[in-house]
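run-v2.tsv (TSV, C-alpha atoms and all ligand atoms) appears below.
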```
chain	number	residue	atom	x	y	z
A	4	MET	CA	-1.32	1.43	-22.32
A	5	GLU	CA	-1.07	5.10	-23.18
A	6	ILE	CA	0.52	7.78	-21.00
A	7	LYS	CA	-0.29	11.48	-21.32
A	8	TYR	CA	0.33	14.35	-18.92
A	9	LYS	CA	-0.46	17.94	-18.09
A	10	ASN	CA	1.53	20.20	-15.78
A	11	SER	CA	-0.42	23.23	-14.66
A	12	SER	CA	0.49	25.51	-11.74
A	13	GLY	CA	2.56	22.91	-9.97
A	14	VAL	CA	0.14	20.01	-10.32
A	15	LEU	CA	1.32	17.25	-12.61
A	16	ILE	CA	-1.53	15.07	-13.83
A	17	VAL	CA	-0.50	11.81	-15.47
A	18	TYR	CA	-3.28	10.16	-17.50
A	19	LEU	CA	-2.99	6.38	-17.88
A	20	SER	CA	-5.33	4.65	-20.29
A	21	GLY	CA	-5.78	1.19	-21.76
A	22	GLU	CA	-4.65	-1.97	-19.99
A	23	LEU	CA	-1.91	-2.06	-17.32
A	24	ASP	CA	-0.38	-5.53	-17.02
A	25	GLU	CA	3.14	-7.00	-17.14
A	26	TYR	CA	3.41	-6.41	-20.87
A	27	ALA	CA	2.31	-2.78	-20.66
A	28	ALA	CA	4.42	-2.08	-17.58
A	29	GLY	CA	7.50	-3.49	-19.32
A	30	ILE	CA	7.22	-1.25	-22.34
A	31	SER	CA	6.08	1.96	-20.62
A	32	ARG	CA	8.21	2.15	-17.47
A	33	THR	CA	10.99	4.14	-19.17
A	34	VAL	CA	8.55	6.64	-20.70
A	35	PHE	CA	6.78	7.05	-17.35
A	36	ASP	CA	10.05	7.69	-15.49
A	37	LYS	CA	11.31	10.14	-18.12
A	38	LEU	CA	8.07	12.11	-17.84
A	39	LEU	CA	8.42	12.29	-14.04
A	40	ASP	CA	12.11	13.25	-14.29
A	41	ASP	CA	11.15	16.12	-16.60
A	42	ASN	CA	8.58	17.41	-14.10
A	43	LEU	CA	10.30	17.20	-10.74
A	44	ASN	CA	9.34	20.84	-10.09
A	45	ALA	CA	5.75	19.67	-9.47
A	46	LYS	CA	4.26	20.27	-6.01
A	47	LYS	CA	2.09	17.21	-6.33
A	48	VAL	CA	1.42	14.43	-8.80
A	49	VAL	CA	-1.96	12.91	-9.63
A	50	PHE	CA	-2.22	9.58	-11.43
A	51	ASP	CA	-5.52	9.89	-13.30
A	52	ILE	CA	-6.38	6.26	-14.09
A	53	SER	CA	-9.96	6.82	-15.23
A	54	GLY	CA	-8.93	5.59	-18.69
A	55	LEU	CA	-7.58	2.26	-17.39
A	56	SER	CA	-9.93	-0.56	-18.40
A	57	PHE	CA	-7.79	-3.23	-16.76
A	58	MET	CA	-5.10	-3.49	-14.09
A	59	ASP	CA	-3.62	-6.43	-12.17
A	60	SER	CA	-1.04	-6.71	-9.38
A	61	THR	CA	1.77	-5.81	-11.77
A	62	GLY	CA	0.11	-2.39	-11.99
A	63	ILE	CA	0.20	-2.10	-8.20
A	64	GLY	CA	3.94	-2.75	-8.28
A	65	MET	CA	4.44	-0.23	-11.04
A	66	LEU	CA	2.49	2.53	-9.27
A	67	ILE	CA	4.33	1.89	-5.99
A	68	GLY	CA	7.63	2.07	-7.88
A	69	ARG	CA	6.78	5.54	-9.26
A	70	TYR	CA	5.50	6.61	-5.81
A	71	LYS	CA	8.83	5.68	-4.21
A	72	LYS	CA	10.71	7.67	-6.82
A	73	LEU	CA	8.58	10.80	-6.21
A	74	LYS	CA	8.73	10.35	-2.44
A	75	ASN	CA	12.53	10.71	-2.66
A	76	PHE	CA	11.92	14.21	-3.99
A	77	GLY	CA	9.27	14.96	-1.35
A	78	ILE	CA	6.46	15.06	-3.92
A	79	PRO	CA	3.10	13.67	-2.72
A	80	VAL	CA	1.17	11.39	-5.07
A	81	PHE	CA	-2.59	10.92	-5.47
A	82	ILE	CA	-4.78	8.53	-7.47
A	83	ALA	CA	-7.91	9.67	-9.28
A	84	GLY	CA	-10.72	8.04	-11.20
A	85	ALA	CA	-10.30	4.29	-10.69
A	86	SER	CA	-13.07	2.27	-12.36
A	87	ASN	CA	-14.90	-0.35	-10.26
A	88	GLY	CA	-12.72	-3.24	-11.45
A	89	VAL	CA	-9.43	-1.42	-10.95
A	90	GLU	CA	-10.61	-0.02	-7.61
A	91	LYS	CA	-10.96	-3.55	-6.16
A	92	VAL	CA	-7.31	-4.35	-6.87
A	93	ILE	CA	-6.20	-1.00	-5.43
A	94	GLU	CA	-8.18	-1.44	-2.22
A	95	LEU	CA	-6.94	-4.99	-1.75
A	96	SER	CA	-3.35	-3.78	-1.77
A	97	GLY	CA	-3.93	-0.74	0.44
A	98	LEU	CA	-2.56	1.61	-2.19
A	99	TYR	CA	-4.78	4.49	-1.05
A	100	HIS	CA	-2.90	4.57	2.27
A	101	ILE	CA	0.20	5.88	0.53
A	102	MET	CA	-1.43	7.52	-2.50
A	103	PRO	CA	-4.77	8.96	-1.33
A	104	LYS	CA	-7.82	9.27	-3.57
A	105	TYR	CA	-7.87	12.65	-5.33
B	11	MET	CA	-29.09	-24.49	-17.84
B	12	ASN	CA	-25.85	-24.53	-19.83
B	13	GLU	CA	-24.52	-27.81	-21.17
B	14	LYS	CA	-20.93	-28.72	-20.37
B	15	ASN	CA	-18.23	-27.06	-22.46
B	16	THR	CA	-14.45	-27.38	-22.38
B	17	MET	CA	-11.46	-25.71	-23.97
B	18	LYS	CA	-7.69	-25.99	-23.93
B	19	ILE	CA	-4.97	-23.72	-25.28
B	20	ASN	CA	-1.19	-23.74	-25.24
B	21	PHE	CA	0.90	-20.64	-25.65
B	22	LEU	CA	4.43	-19.38	-25.03
B	23	SER	CA	5.31	-17.56	-21.81
B	24	LEU	CA	5.54	-14.12	-23.42
B	25	SER	CA	3.98	-11.18	-21.58
B	26	GLN	CA	2.10	-10.18	-24.75
B	27	ASN	CA	0.08	-13.41	-24.32
B	28	GLU	CA	-1.50	-12.08	-21.11
B	29	THR	CA	-4.05	-10.07	-23.09
B	30	PHE	CA	-4.59	-13.11	-25.28
B	31	ALA	CA	-5.35	-15.38	-22.28
B	32	ARG	CA	-7.70	-12.78	-20.73
B	33	THR	CA	-9.59	-12.36	-23.98
B	34	VAL	CA	-9.94	-16.13	-24.48
B	35	ILE	CA	-11.32	-16.78	-20.99
B	36	ALA	CA	-13.74	-13.85	-21.29
B	37	ALA	CA	-15.06	-15.15	-24.62
B	38	PHE	CA	-15.29	-18.72	-23.31
B	39	CYS	CA	-17.45	-17.90	-20.29
B	40	LEU	CA	-19.70	-15.43	-22.11
B	41	PRO	CA	-22.53	-17.99	-22.62
B	42	LEU	CA	-22.92	-18.02	-18.81
B	43	ASN	CA	-23.88	-14.36	-19.07
B	44	PRO	CA	-21.46	-13.01	-16.43
B	45	SER	CA	-21.82	-9.43	-15.17
B	46	LEU	CA	-19.13	-6.91	-16.11
B	47	SER	CA	-17.82	-7.16	-12.58
B	48	GLU	CA	-17.64	-10.98	-12.67
B	49	LEU	CA	-15.97	-10.85	-16.05
B	50	ASN	CA	-13.36	-8.41	-14.75
B	51	GLU	CA	-12.66	-10.63	-11.72
B	52	ILE	CA	-12.18	-13.71	-13.91
B	53	LYS	CA	-9.91	-11.84	-16.34
B	54	THR	CA	-7.84	-10.41	-13.50
B	55	ALA	CA	-7.40	-13.82	-11.80
B	56	VAL	CA	-6.31	-15.38	-15.12
B	57	SER	CA	-3.95	-12.49	-15.75
B	58	GLU	CA	-2.31	-13.05	-12.33
B	59	ALA	CA	-1.75	-16.76	-12.92
B	60	VAL	CA	-0.44	-16.26	-16.47
B	61	THR	CA	1.84	-13.40	-15.38
B	62	ASN	CA	3.30	-15.60	-12.64
B	63	ALA	CA	4.07	-18.29	-15.19
B	64	VAL	CA	5.69	-15.72	-17.50
B	65	VAL	CA	7.70	-13.97	-14.78
B	66	HIS	CA	8.51	-16.64	-12.20
B	67	ALA	CA	8.13	-20.09	-13.79
B	68	TYR	CA	10.40	-19.37	-16.75
B	69	PRO	CA	12.70	-16.59	-15.54
B	70	ASP	CA	15.12	-16.63	-18.45
B	71	CYS	CA	13.51	-18.52	-21.28
B	72	ALA	CA	10.13	-18.85	-22.94
B	73	GLY	CA	8.28	-21.98	-21.87
B	74	GLU	CA	4.90	-23.48	-22.42
B	75	ILE	CA	1.76	-22.38	-20.59
B	76	GLU	CA	-1.44	-24.40	-20.79
B	77	MET	CA	-4.84	-22.98	-19.97
B	78	THR	CA	-7.85	-25.25	-19.76
B	79	ALA	CA	-11.36	-24.26	-18.78
B	80	GLU	CA	-14.68	-25.95	-18.28
B	81	THR	CA	-18.17	-24.61	-17.82
B	82	ALA	CA	-21.03	-26.72	-16.56
B	83	ASP	CA	-24.31	-25.15	-15.55
B	84	ARG	CA	-23.26	-21.92	-13.71
B	85	LYS	CA	-19.80	-23.17	-12.73
B	86	LEU	CA	-16.55	-22.03	-14.31
B	87	HIS	CA	-13.41	-24.12	-13.74
B	88	ILE	CA	-10.00	-22.82	-14.88
B	89	GLU	CA	-6.54	-24.42	-14.75
B	90	ILE	CA	-3.32	-22.65	-15.69
B	91	ALA	CA	-0.21	-24.82	-15.75
B	92	ASP	CA	3.48	-24.35	-16.47
B	93	LYS	CA	6.47	-26.70	-16.51
B	94	GLY	CA	8.81	-24.18	-14.89
B	95	VAL	CA	10.85	-23.86	-11.72
B	96	GLY	CA	8.01	-24.61	-9.29
B	97	ILE	CA	7.41	-23.17	-5.82
B	98	GLU	CA	9.42	-24.36	-2.83
B	99	ASN	CA	7.25	-23.03	-0.03
B	100	LEU	CA	3.63	-22.68	-1.11
B	101	GLU	CA	2.31	-21.37	2.18
B	102	GLU	CA	4.83	-18.54	2.18
B	103	ALA	CA	4.27	-17.76	-1.52
B	104	MET	CA	0.54	-17.34	-0.98
B	105	GLU	CA	0.86	-14.81	1.84
B	106	PRO	CA	-0.19	-11.26	0.90
B	107	PHE	CA	2.79	-9.04	0.02
B	108	TYR	CA	5.18	-12.00	-0.22
B	109	THR	CA	7.36	-11.85	-3.32
B	110	THR	CA	10.72	-13.32	-4.28
B	111	ARG	CA	11.24	-10.37	-6.66
B	112	PRO	CA	10.91	-7.13	-4.67
B	113	ASP	CA	13.72	-5.65	-6.80
B	114	GLU	CA	11.49	-5.88	-9.88
B	115	GLU	CA	8.69	-3.77	-8.38
B	116	ARG	CA	6.55	-6.81	-7.56
B	117	SER	CA	3.97	-6.27	-4.84
B	118	GLY	CA	3.37	-9.91	-3.91
B	119	MET	CA	-0.39	-9.54	-4.34
B	120	GLY	CA	-0.99	-11.97	-7.22
B	121	PHE	CA	-2.21	-14.97	-5.23
B	122	THR	CA	-4.26	-12.71	-2.94
B	123	VAL	CA	-6.01	-11.21	-5.98
B	124	MET	CA	-6.79	-14.72	-7.32
B	125	GLN	CA	-8.17	-15.83	-3.94
B	126	THR	CA	-10.30	-12.71	-3.59
B	127	PHE	CA	-11.73	-12.75	-7.11
B	128	MET	CA	-12.42	-16.48	-7.43
B	129	GLU	CA	-14.44	-18.74	-5.14
B	130	ASP	CA	-11.61	-21.13	-4.48
B	131	VAL	CA	-8.01	-21.37	-5.60
B	132	LYS	CA	-5.78	-24.41	-5.28
B	133	ILE	CA	-2.09	-24.53	-6.19
B	134	VAL	CA	-0.19	-27.71	-6.97
B	135	SER	CA	3.53	-27.18	-7.40
B	136	GLU	CA	6.71	-29.20	-7.49
B	137	VAL	CA	10.23	-27.75	-7.68
B	138	ASN	CA	11.69	-28.08	-11.18
B	139	LYS	CA	8.50	-29.76	-12.43
B	140	GLY	CA	6.08	-26.87	-12.57
B	141	THR	CA	3.00	-25.24	-11.10
B	142	ARG	CA	-0.73	-25.66	-11.68
B	143	VAL	CA	-3.27	-23.07	-10.52
B	144	ILE	CA	-6.82	-24.42	-10.21
B	145	MET	CA	-9.65	-21.92	-9.76
B	146	ASN	CA	-13.44	-22.12	-9.59
B	147	LYS	CA	-16.18	-19.55	-9.70
B	148	THR	CA	-19.95	-19.77	-9.87
B	149	ILE	CA	-21.55	-17.16	-12.09
B	150	ALA	CA	-24.61	-15.66	-10.43
B	151	ILE	CA	-28.03	-15.91	-12.08
B	152	LYS	CA	-29.10	-12.47	-13.33
C	201	LIG	N1	4.03	-20.21	-11.64
C	201	LIG	C1	4.97	-19.97	-10.72
C	201	LIG	N2	6.20	-20.59	-10.80
C	201	LIG	C2	7.15	-20.35	-9.86
C	201	LIG	N3	7.00	-19.51	-8.81
C	201	LIG	C3	5.82	-18.87	-8.68
C	201	LIG	C4	4.75	-19.06	-9.61
C	201	LIG	N4	3.70	-18.31	-9.21
C	201	LIG	C5	4.09	-17.68	-8.09
C	201	LIG	N5	5.36	-18.01	-7.75
C	201	LIG	C6	6.11	-17.54	-6.54
C	201	LIG	O1	5.15	-17.07	-5.59
C	201	LIG	C7	5.44	-15.71	-5.20
C	201	LIG	C8	4.16	-14.96	-4.93
C	201	LIG	O2	3.37	-14.82	-6.13
C	201	LIG	P1	2.37	-13.57	-6.24
C	201	LIG	O3	1.75	-13.60	-7.59
C	201	LIG	O4	1.47	-13.57	-5.07
C	201	LIG	O5	3.33	-12.31	-6.11
C	201	LIG	P2	4.39	-11.76	-7.18
C	201	LIG	O6	4.17	-12.37	-8.51
C	201	LIG	O7	5.76	-11.91	-6.60
C	201	LIG	O8	4.03	-10.20	-7.23
C	201	LIG	P3	2.79	-9.55	-8.05
C	201	LIG	O9	1.87	-10.65	-8.46
C	201	LIG	O10	2.13	-8.62	-7.07
C	201	LIG	O11	3.40	-8.85	-9.20
C	201	LIG	C9	6.28	-15.16	-6.36
C	201	LIG	O12	7.12	-14.11	-5.93
C	201	LIG	C10	7.06	-16.39	-6.82
C	201	LIG	O13	8.22	-16.59	-6.02
C	202	MG	MG	2.28	-12.43	-9.39
```
Whole structure, structure tokens version:
Amino acid sequence: MEIKYKNSSGVLIVYLSGELDEYAAGISRTVFDKLLDDNLNAKKVVFDISGLSFMDSTGIGMLIGRYKKLKNFGIPVFIAGASNGVEKVIELSGLYHIMPKY
Amino acid sequence: MNEKNTMKINFLSLSQNETFARTVIAAFCLPLNPSLSELNEIKTAVSEAVTNAVVHAYPDCAGEIEMTAETADRKLHIEIADKGVGIENLEEAMEPFYTTRPDEERSGMGFTVMQTFMEDVKIVSEVNKGTRVIMNKTIAIK
């Protein structure tokens, strides 16, 4: 998985691409958290997952983990661009209730 | 009408083998001409079962995972087995959002994903002997 980001006028967009599974989560968690720590001045955060070709329940856990971290700083989180396959896993877990579609 | 086909692989419980297992199952069921959506569901279900074996069955060592699959006509049959710690309470484990590892950012959705994406899912497990996940799916005629 690849992580890129853009911070413009208070909106931090984090672009995730590739495959998000246990392997990818394990090696990218630290990078993801560092990126968020560096941008805690953001008014809101959008996870743009349009580049994700695959995600399983480990991805759900990882996104919720980052959500909890941002929630502690009062920063709302949104999810954008889920592909059909990824969308099914997201809907099953009710993720949009805490991180609305952007 | 597809003639019967079978396959069997063994691999170590390393998380890097999740992609490997997904790719193998996708390639194996390709002759049944699954849709992209069916293919994604099959890959995701396999990924869940393999991840569980990697994370839960062998918590602090690398053990053996076996994946077998069979296709006959439009039916796909998959079994993923480990010889790990096993599951004490199956009913509880299969409930949505139930996880024994909330500290590790687990959501407890793995079994629910398997049950949603496959036609039927059966788990056979014995403590300290291991766990076998048995899943079936019929690929629709296009
Ligand atoms: N192969 C296995 N060996 C031992 N225990 C298992 C195995 N598979 C599942 N379990 C147990 O069943 C529970 C539920 O599994 P499930 O996949 O639904 O959720 P999870 O793995 O905890 O979280 P997630 O899949 O969302 O990351 C696990 O927490 C674990 O205790
Ligand atoms: Mg799981």
Interatomic distance between atom C4 of ligand LIG 201 (chain C) and CA of Glu48 (chain B)?
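Taking atom C4 of ligand LIG 201 (chain C) and CA of Glu48 (chain B), their separation equals 24.0 Å.
Based on all atoms listed in the file, the protein and nucleic acid residues found within 6 Å of ligand MG 202 (chain C) are, by chain and then by number, B:Glu58, B:Asn62, B:Gly120.
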Would you mind telling me which residue in A:Ala85, A:Val80, A:Ile101, A:Met58 lies nearest to ligand LIG 201 (chain C) when using all atoms listed in the file?
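Looking only at the distances to ligand LIG 201 (chain C), the closest residue turns out to be A:Met58.
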Give the residues close to ligand LIG 201 (chain C), within 6 Å, counting all atoms listed in the file; write them as a ChimeraX atom specification.
/A:60-61 /B:62-63,66-67,95-97,103-104,108-111,116-121,141
Which residues come within 12 Å of Asp24 (chain A), counting only C-alpha atoms, excluding same-chain residues fewer than 6 positions away, as a PyMOL selection string?
(chain A and resi 4+30-32+55-66+89) or (chain B and resi 25-30+32+53-54+56-58+60-62+64-65+116+120)
Ranking A:Ala28, A:Leu15, A:Ile52, A:Met102 by minimum distance to chain B and counting all atoms listed in the file, which one comes first?
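The closest residue to chain B is A:Ala28.
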The distance between CA of Phe50 (chain A) and CA of Asn87 (chain A) is 16.1 Å
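Taking all atoms listed in the file into account, Met124 (chain B) lies nearest to A:Lys91 out of the set A:Lys91, A:Tyr105, A:Lys37, A:Tyr99.
Of note, CA of Glu13 (chain B) and CA of Thr81 (chain B) are spaced 7.9 Å apart.
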From A:Ser86, A:Ser11, A:Ser20, A:Asn44, residue lying nearest chain B [all atoms listed in the file]:
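Looking at the shortest contact to chain B, the residue is A:Ser86.
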Can you list, as a PDB file with C-alpha atoms, keeping the file's coordinate frame, every protein, DNA or RNA residue that comes within 8 Å of Lys85 (chain B) when you count all atoms listed in the file, leaving out same-chain residues fewer than 5 positions away?
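New file selection_13.pdb:
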```pdb
ATOM      1  CA  ASN B 146     -13.440 -22.120  -9.590  1.00  0.00           C
ATOM      2  CA  LYS B 147     -16.180 -19.550  -9.700  1.00  0.00           C
ATOM      3  CA  THR B 148     -19.950 -19.770  -9.870  1.00  0.00           C
ATOM      4  CA  ILE B 149     -21.550 -17.160 -12.090  1.00  0.00           C
TER       5      ILE B 149
END
```
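Minimum distance to chain B across A:Tyr70, A:Phe76, A:Phe81, A:Tyr26 (counting all atoms listed in the file) occurs at A:Tyr26.
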Could you tell me which of B:Ile35, B:Asp83, B:Met77, B:Met128 comes closest to Ile19 (chain B) if we count all atoms listed in the file?
B:Met77
First collect every listed atom of region 87-91 of chain A; then fit an axis-aligned box around them, widen it by 6 Å on each side, and give centre and edge lengths in Å to one decimal, as AutoDock Vina command-line options.
```
--center_x -12.2 --center_y -1.8 --center_z -8.8 --size_x 17.5 --size_y 15.5 --size_z 17.3
```
Completion of region 13-40 of chain B up to N, CA and C atoms, as a compact mmCIF listing (two decimals), in the coordinates of the input:
```txt
# COMPACT_ATOMS: atom_id res chain seq x y z
N GLU B 13 -25.15 -26.49 -21.08
CA GLU B 13 -24.52 -27.81 -21.17
C GLU B 13 -23.02 -27.64 -20.97
N LYS B 14 -22.36 -28.75 -20.65
CA LYS B 14 -20.93 -28.72 -20.37
C LYS B 14 -20.13 -28.31 -21.60
N ASN B 15 -19.10 -27.49 -21.37
CA ASN B 15 -18.23 -27.06 -22.46
C ASN B 15 -16.79 -27.06 -21.95
N THR B 16 -15.85 -27.39 -22.80
CA THR B 16 -14.45 -27.38 -22.38
C THR B 16 -13.59 -26.72 -23.45
N MET B 17 -12.42 -26.23 -23.01
CA MET B 17 -11.46 -25.71 -23.97
C MET B 17 -10.05 -25.86 -23.42
N LYS B 18 -9.09 -25.82 -24.32
CA LYS B 18 -7.69 -25.99 -23.93
C LYS B 18 -6.81 -25.24 -24.91
N ILE B 19 -5.92 -24.38 -24.39
CA ILE B 19 -4.97 -23.72 -25.28
C ILE B 19 -3.58 -23.80 -24.71
N ASN B 20 -2.60 -23.77 -25.60
CA ASN B 20 -1.19 -23.74 -25.24
C ASN B 20 -0.57 -22.50 -25.84
N PHE B 21 0.22 -21.81 -25.06
CA PHE B 21 0.90 -20.64 -25.65
C PHE B 21 2.23 -20.42 -24.95
N LEU B 22 3.10 -19.64 -25.58
CA LEU B 22 4.43 -19.38 -25.03
C LEU B 22 4.36 -18.36 -23.90
N SER B 23 5.31 -18.46 -22.97
CA SER B 23 5.31 -17.56 -21.81
C SER B 23 5.88 -16.19 -22.18
N LEU B 24 5.16 -15.49 -23.06
CA LEU B 24 5.54 -14.12 -23.42
C LEU B 24 4.49 -13.20 -22.81
N SER B 25 4.94 -12.03 -22.29
CA SER B 25 3.98 -11.18 -21.58
C SER B 25 2.87 -10.67 -22.52
N GLN B 26 3.15 -10.63 -23.81
CA GLN B 26 2.10 -10.18 -24.75
C GLN B 26 0.94 -11.18 -24.80
N ASN B 27 1.16 -12.41 -24.33
CA ASN B 27 0.08 -13.41 -24.32
C ASN B 27 -0.87 -13.26 -23.13
N GLU B 28 -0.59 -12.31 -22.23
CA GLU B 28 -1.50 -12.08 -21.11
C GLU B 28 -2.85 -11.56 -21.60
N THR B 29 -2.81 -10.58 -22.49
CA THR B 29 -4.05 -10.07 -23.09
C THR B 29 -4.79 -11.18 -23.82
N PHE B 30 -4.02 -12.00 -24.53
CA PHE B 30 -4.59 -13.11 -25.28
C PHE B 30 -5.36 -14.05 -24.35
N ALA B 31 -4.72 -14.44 -23.23
CA ALA B 31 -5.35 -15.38 -22.28
C ALA B 31 -6.60 -14.76 -21.66
N ARG B 32 -6.54 -13.48 -21.33
CA ARG B 32 -7.70 -12.78 -20.73
C ARG B 32 -8.87 -12.74 -21.70
N THR B 33 -8.54 -12.46 -22.96
CA THR B 33 -9.59 -12.36 -23.98
C THR B 33 -10.24 -13.72 -24.23
N VAL B 34 -9.42 -14.78 -24.25
CA VAL B 34 -9.94 -16.13 -24.48
C VAL B 34 -10.89 -16.54 -23.35
N ILE B 35 -10.47 -16.32 -22.10
CA ILE B 35 -11.32 -16.78 -20.99
C ILE B 35 -12.63 -15.97 -20.96
N ALA B 36 -12.54 -14.68 -21.28
CA ALA B 36 -13.74 -13.85 -21.29
C ALA B 36 -14.72 -14.35 -22.35
N ALA B 37 -14.20 -14.66 -23.53
CA ALA B 37 -15.06 -15.15 -24.62
C ALA B 37 -15.66 -16.51 -24.27
N PHE B 38 -14.83 -17.36 -23.61
CA PHE B 38 -15.29 -18.72 -23.31
C PHE B 38 -16.45 -18.73 -22.31
N CYS B 39 -16.40 -17.83 -21.32
CA CYS B 39 -17.45 -17.90 -20.29
C CYS B 39 -18.65 -16.98 -20.59
N LEU B 40 -18.61 -16.33 -21.73
CA LEU B 40 -19.70 -15.43 -22.11
C LEU B 40 -21.08 -16.08 -22.16
```
